[in-house]
Amino acid sequence: MLDVTKAKIIHDFAHDRPLLACRYDPKERFVVTSSEDYRLQKFSLPGGEKTILPEAHNSWVHALGLSPDGQILYSGGCDGKLVFWNIADAEVKPLRTLDAHQGWLRTLSVSPDGSLVATGGNDKTVKVWNTQTGELVKQWQGHAKNVYSVQFMPDGKRILSGDLGGAVQLRSLDADDIKGNFEAKPLHTYEGGQMVDFGGVRCLAVRPSSDQFAAGGLHKATNPLGAVHEPLALRFAFEGNQLLKSHVSEGITGGGLWRVQWLSDGTLMGVSGGSSGGFLIFWNDQQDKDFSKFKLPALARDMDLSTNGLNVVTAHHDGHVRITRLSES
Amino acid sequence: MKCPYACGSTEHLMARRKFLSLSASGAVGVAGGLGLLTRGAAAEQVQQKQQRIVVFNMHGGLSQLESWDPKPGTRTGGPFRAIPTSVPGLHISELLPYTAQQMHHLCLFRGVNTSEDDHGKGAYMMMTGRRQTPAADYPEIGAVAAKTLMPEDSSLPGHIRVVPHGGGGRGSDAAYLGPKYSSIHLGNGNPPQYTKRPDGITDEAERRRQEFRRKSDRRFLDGRRTAMTDVFTYSFEQADRLMEQRDVFDVTKEPTQDQEKYGTHDFGRHCLLARRLIERGISFVQVSHSNYDTHNENFDFHLEQVGEFDRPFATFVADLAERGLLDQTLIVVLSEFGRTPNINLYLGRDHWSKAWSVLAGGAKLARGAVLGATNAEGTEVVDIQVDHAQLFHTYLQAVGVDTSASFQIDGRELPIADPSAEPIWTAIA
């Protein structure tokens, strides 16, 4: 039974390089990670046997996604490539490589039925690809700054995308125009003294009921170049494009949200990594402040929730991939 | 208060007599007279054809791994790849595609070791060629260039800094060379502060104001002339001349197509302004680009900053080459230090002075050259290690200044560059 106040680490697997991203197999057979080289790793569950995937990218990989049946892995790299993998097979190899974006491919989201994958990147575009053929089926160019996050809606027909400047756009696959604009400006900082843009919509998560979404990142960036900033998640209602809550976490003076996800009881969960360390942070819809947080052993950079909704995998700077159980049992 | 360079020394007295005679005749402005006050043997070393220097100061510490010395695919390499350049076999970061096509004009020092990881101290070393000590202060390269390269009769200042933010004013960066050679700051590329005459003052009123000021000056100077009063006088005269030549600093006077070519963002305008200034005979221009002190999210910030730097800088280099100015203009891209090969917890890189890079080019520097090398992960210099003092010598030698010479200041010989170091002769063609 879900109880985030009872969170505890149940698995801890080590790699020899700092990790960047992770995903949980929907069938809970393995977790996949990317690291500060050009490689991906697969850790079997529950034993943690590590398989290093063949090198298919020519740069770091920040974006990972799995098909709903866990058979296909999608990886997006700073080389702009989108690679399809037969991740569930004994011998894992790249099945298809697409030149998806000019510059970094930063983010991807697989549609609920697995037929499409949406990607976003530093070319300021959002693209949608057919997972069977690799064909580009849609492309939008409405963002003024680099696209940091994309997320399919539960209906699989609409897509949210967020950028460095704090703009969130809702689009429909059957239209070229923007169907909704949301102002997530608190997630963006332009620091005039340092002359840098910072922050951005680092992650998006749509509530299963499709009435709300959360945009995560950071705020209070008084020293962007020095990692002084705090985590922030903005909760929006689709109806009226209304900002409902600005979720903060007291006591984390150095952190930012790398991913947010909804738990089965309606709790919003975020993973924070920064100079304060790594945390899983939990918010309800009643208050801005978190009602619980779980301190991770090291700075975290990504997380993913298991299908049963009780296990969370986190990727860490110290090279470890950890699985945290959100229940007493 | 007397300045040390106007202490009654033989040099000063001679110069004073010359100054007074020139002033009295009205044939030459004070700018030229003051130039003679302190100009020593070094000035005679300068070539007949005027040389210039443009420094791009990558404020905060540009990462050598995300610019001139990439190490893709290694533990320290980060996400960016290396791309080929116009010099066969030379690769630089993919963040610099336009500059890559200009590398045949440039000279890359990849073995810089300055052993100083403090911002202020590192910047001082790179700009003066000396380590900072409590015992002495040294002029920055801009002041040295203004003193040694600027023609005697120039009506323009020789030392300009284009700074990112607004404001202006003057720097205190000339040390014993005196305030005449201190930098004039162009805040955000705007003309010098207070050089626009208020609308309510007519030409005739202005002429009478200046005449009154000069008369008052002469009367005062008859009895109490010091170096400080000379500087005040010079400042007024220079301000007067700047007001008359304000257009020199107005980058909007450049052709529209050039403004588009450089880009309308601040750094693009500043690069075009640098071209405009050196074309009009200003000896030294420093353009700052900020900020590279990326302890946090180094890669995102370098993507942003180097991406902004690349095209205007490459356009500047190409323009100088096309216009035949490269032989007379030294270009330097420097920082106070580089950044750590190690990538920290926050995907940042910290201060690192043990193995980094400086890019230069033009004047007498070898074209398309690469001097020095670091090891596979960029943690150590393994070939042709150089430091700030050697680089300082080399910059000046490249524009024809004999850096073994000295300034004559206050009866003392003050070496132009650190006498314990030598130029990097292999870099000079």
# chains A, B, ... in the order shown; residues from 1 in each chain; ligands from 1
call {"tool": "residues_around", "arguments": {"residues": "Met150 in chain B", "least_positions_apart": "6", "cutoff": "8 Å", "atoms": "only C-alpha atoms", "output": "list in words"}}
result
Gln50, Gly158, Gly281, Ile282 and Ser283 of chain B
call {"tool": "residues_around", "arguments": {"residues": "Phe282 in chain A", "least_positions_apart": "6", "cutoff": "7 Å", "atoms": "only C-alpha atoms", "output": "list in words"}}
result
Thr267, Leu268, Met269, Gly270, Asp290, Phe291, Ser292 and Lys293 of chain A
call {"tool": "closest_atom_pairs", "arguments": {"of": "chain A", "to": "chain B", "cutoff": "8 Å", "atoms": "only C-alpha atoms", "output": "tab-separated table"}}
result
residue	atom	partner	partner_atom	distance
A:Glu36	CA	B:Gly78	CA	7.1
A:Asp37	CA	B:Gly73	CA	6.6
A:Tyr38	CA	B:Gly73	CA	7.2
A:Asn58	CA	B:Arg81	CA	7.7
A:Ser59	CA	B:Pro79	CA	5.0
A:Trp60	CA	B:Pro79	CA	5.0
A:Cys78	CA	B:Pro79	CA	6.4
A:Gln194	CA	B:Asn291	CA	5.4
A:Met195	CA	B:Asn291	CA	6.4
A:Val196	CA	B:Phe301	CA	7.3
A:Pro224	CA	B:Asn296	CA	6.9
A:Leu225	CA	B:Thr294	CA	4.9
A:Gly226	CA	B:His295	CA	5.4
A:Ala227	CA	B:Asn296	CA	5.1
A:Gly274	CA	B:Tyr346	CA	6.4
A:Ser275	CA	B:Tyr346	CA	7.5
A:Leu299	CA	B:Leu345	CA	7.3
A:His317	CA	B:Leu345	CA	6.2
call {"tool": "select_by_dssp", "arguments": {"residues": "range 231-265 of chain A", "states": "strand (DSSP E or B)", "output": "JSON, numbers by chain"}}
result
{"A": [231, 232, 233, 234, 235, 236, 237, 242, 243, 244, 245, 246, 247, 248, 254, 256, 257, 258, 259, 260, 261, 262]}
call {"tool": "closest_residue", "arguments": {"among": "B:Ile416, B:Ala175, B:Ala314, B:Leu186", "to": "Pro97 in chain B", "atoms": "only C-alpha atoms"}}
result
B:Ala314
call {"tool": "residues_around", "arguments": {"residues": "Gly122 in chain B", "least_positions_apart": "5", "cutoff": "7 Å", "atoms": "only C-alpha atoms", "output": "ChimeraX atom specification"}}
result
/B:116-117,336-337
call {"tool": "residues_around", "arguments": {"residues": "Val162 in chain B", "least_positions_apart": "3", "cutoff": "12 Å", "atoms": "only C-alpha atoms", "output": "number ranges by chain"}}
result
B: 54-57, 159, 165-171, 183-192, 249, 251, 266-275, 277, 284-290
call {"tool": "residues_around", "arguments": {"residues": "range 358-373 of chain B", "least_positions_apart": "6", "cutoff": "7 Å", "atoms": "only C-alpha atoms", "output": "ChimeraX atom specification"}}
result
/B:87,103-111,326-334,381-385,398-399,427-429
call {"tool": "write_last_selection", "arguments": {"atoms": "C-alpha atoms", "output": "PDB file, in the first residue's frame"}}
result
ATOM      1  CA  VAL B  87      43.443  23.927 -40.609  1.00  0.00           C
ATOM      2  CA  MET B 103      41.291  28.967 -37.792  1.00  0.00           C
ATOM      3  CA  HIS B 104      43.771  29.266 -40.681  1.00  0.00           C
ATOM      4  CA  HIS B 105      44.085  32.935 -39.703  1.00  0.00           C
ATOM      5  CA  LEU B 106      44.657  32.168 -36.032  1.00  0.00           C
ATOM      6  CA  CYS B 107      47.209  30.727 -33.666  1.00  0.00           C
ATOM      7  CA  LEU B 108      46.146  28.432 -30.853  1.00  0.00           C
ATOM      8  CA  PHE B 109      48.070  28.027 -27.602  1.00  0.00           C
ATOM      9  CA  ARG B 110      46.906  24.764 -26.056  1.00  0.00           C
ATOM     10  CA  GLY B 111      49.522  24.426 -23.339  1.00  0.00           C
ATOM     11  CA  LEU B 326      44.923  41.242 -40.058  1.00  0.00           C
ATOM     12  CA  ASP B 327      48.608  41.906 -40.649  1.00  0.00           C
ATOM     13  CA  GLN B 328      48.290  45.017 -38.485  1.00  0.00           C
ATOM     14  CA  THR B 329      45.903  43.666 -35.890  1.00  0.00           C
ATOM     15  CA  LEU B 330      46.535  41.164 -33.150  1.00  0.00           C
ATOM     16  CA  ILE B 331      43.445  39.324 -31.947  1.00  0.00           C
ATOM     17  CA  VAL B 332      43.485  37.582 -28.560  1.00  0.00           C
ATOM     18  CA  VAL B 333      40.741  35.504 -26.967  1.00  0.00           C
ATOM     19  CA  LEU B 334      41.584  34.983 -23.311  1.00  0.00           C
ATOM     20  CA  VAL B 381      50.135  20.117 -20.421  1.00  0.00           C
ATOM     21  CA  VAL B 382      52.334  17.640 -22.243  1.00  0.00           C
ATOM     22  CA  ASP B 383      53.922  19.855 -24.890  1.00  0.00           C
ATOM     23  CA  ILE B 384      55.073  23.506 -25.111  1.00  0.00           C
ATOM     24  CA  GLN B 385      53.839  24.801 -21.794  1.00  0.00           C
ATOM     25  CA  ALA B 398      53.578  40.338 -32.463  1.00  0.00           C
ATOM     26  CA  VAL B 399      52.690  44.004 -32.879  1.00  0.00           C
ATOM     27  CA  ALA B 427      54.602  31.577 -32.469  1.00  0.00           C
ATOM     28  CA  ILE B 428      55.977  34.579 -34.257  1.00  0.00           C
ATOM     29  CA  ALA B 429      56.248  34.230 -37.980  1.00  0.00           C
TER      30      ALA B 429
END
call {"tool": "atom_distance", "arguments": {"atom1": "CA of Ile281 in chain A", "atom2": "CA of Asp113 in chain A"}}
result
29.0 Å
call {"tool": "atom_distance", "arguments": {"atom1": "CA of Ala146 in chain B", "atom2": "CA of Arg412 in chain B"}}
result
20.1 Å
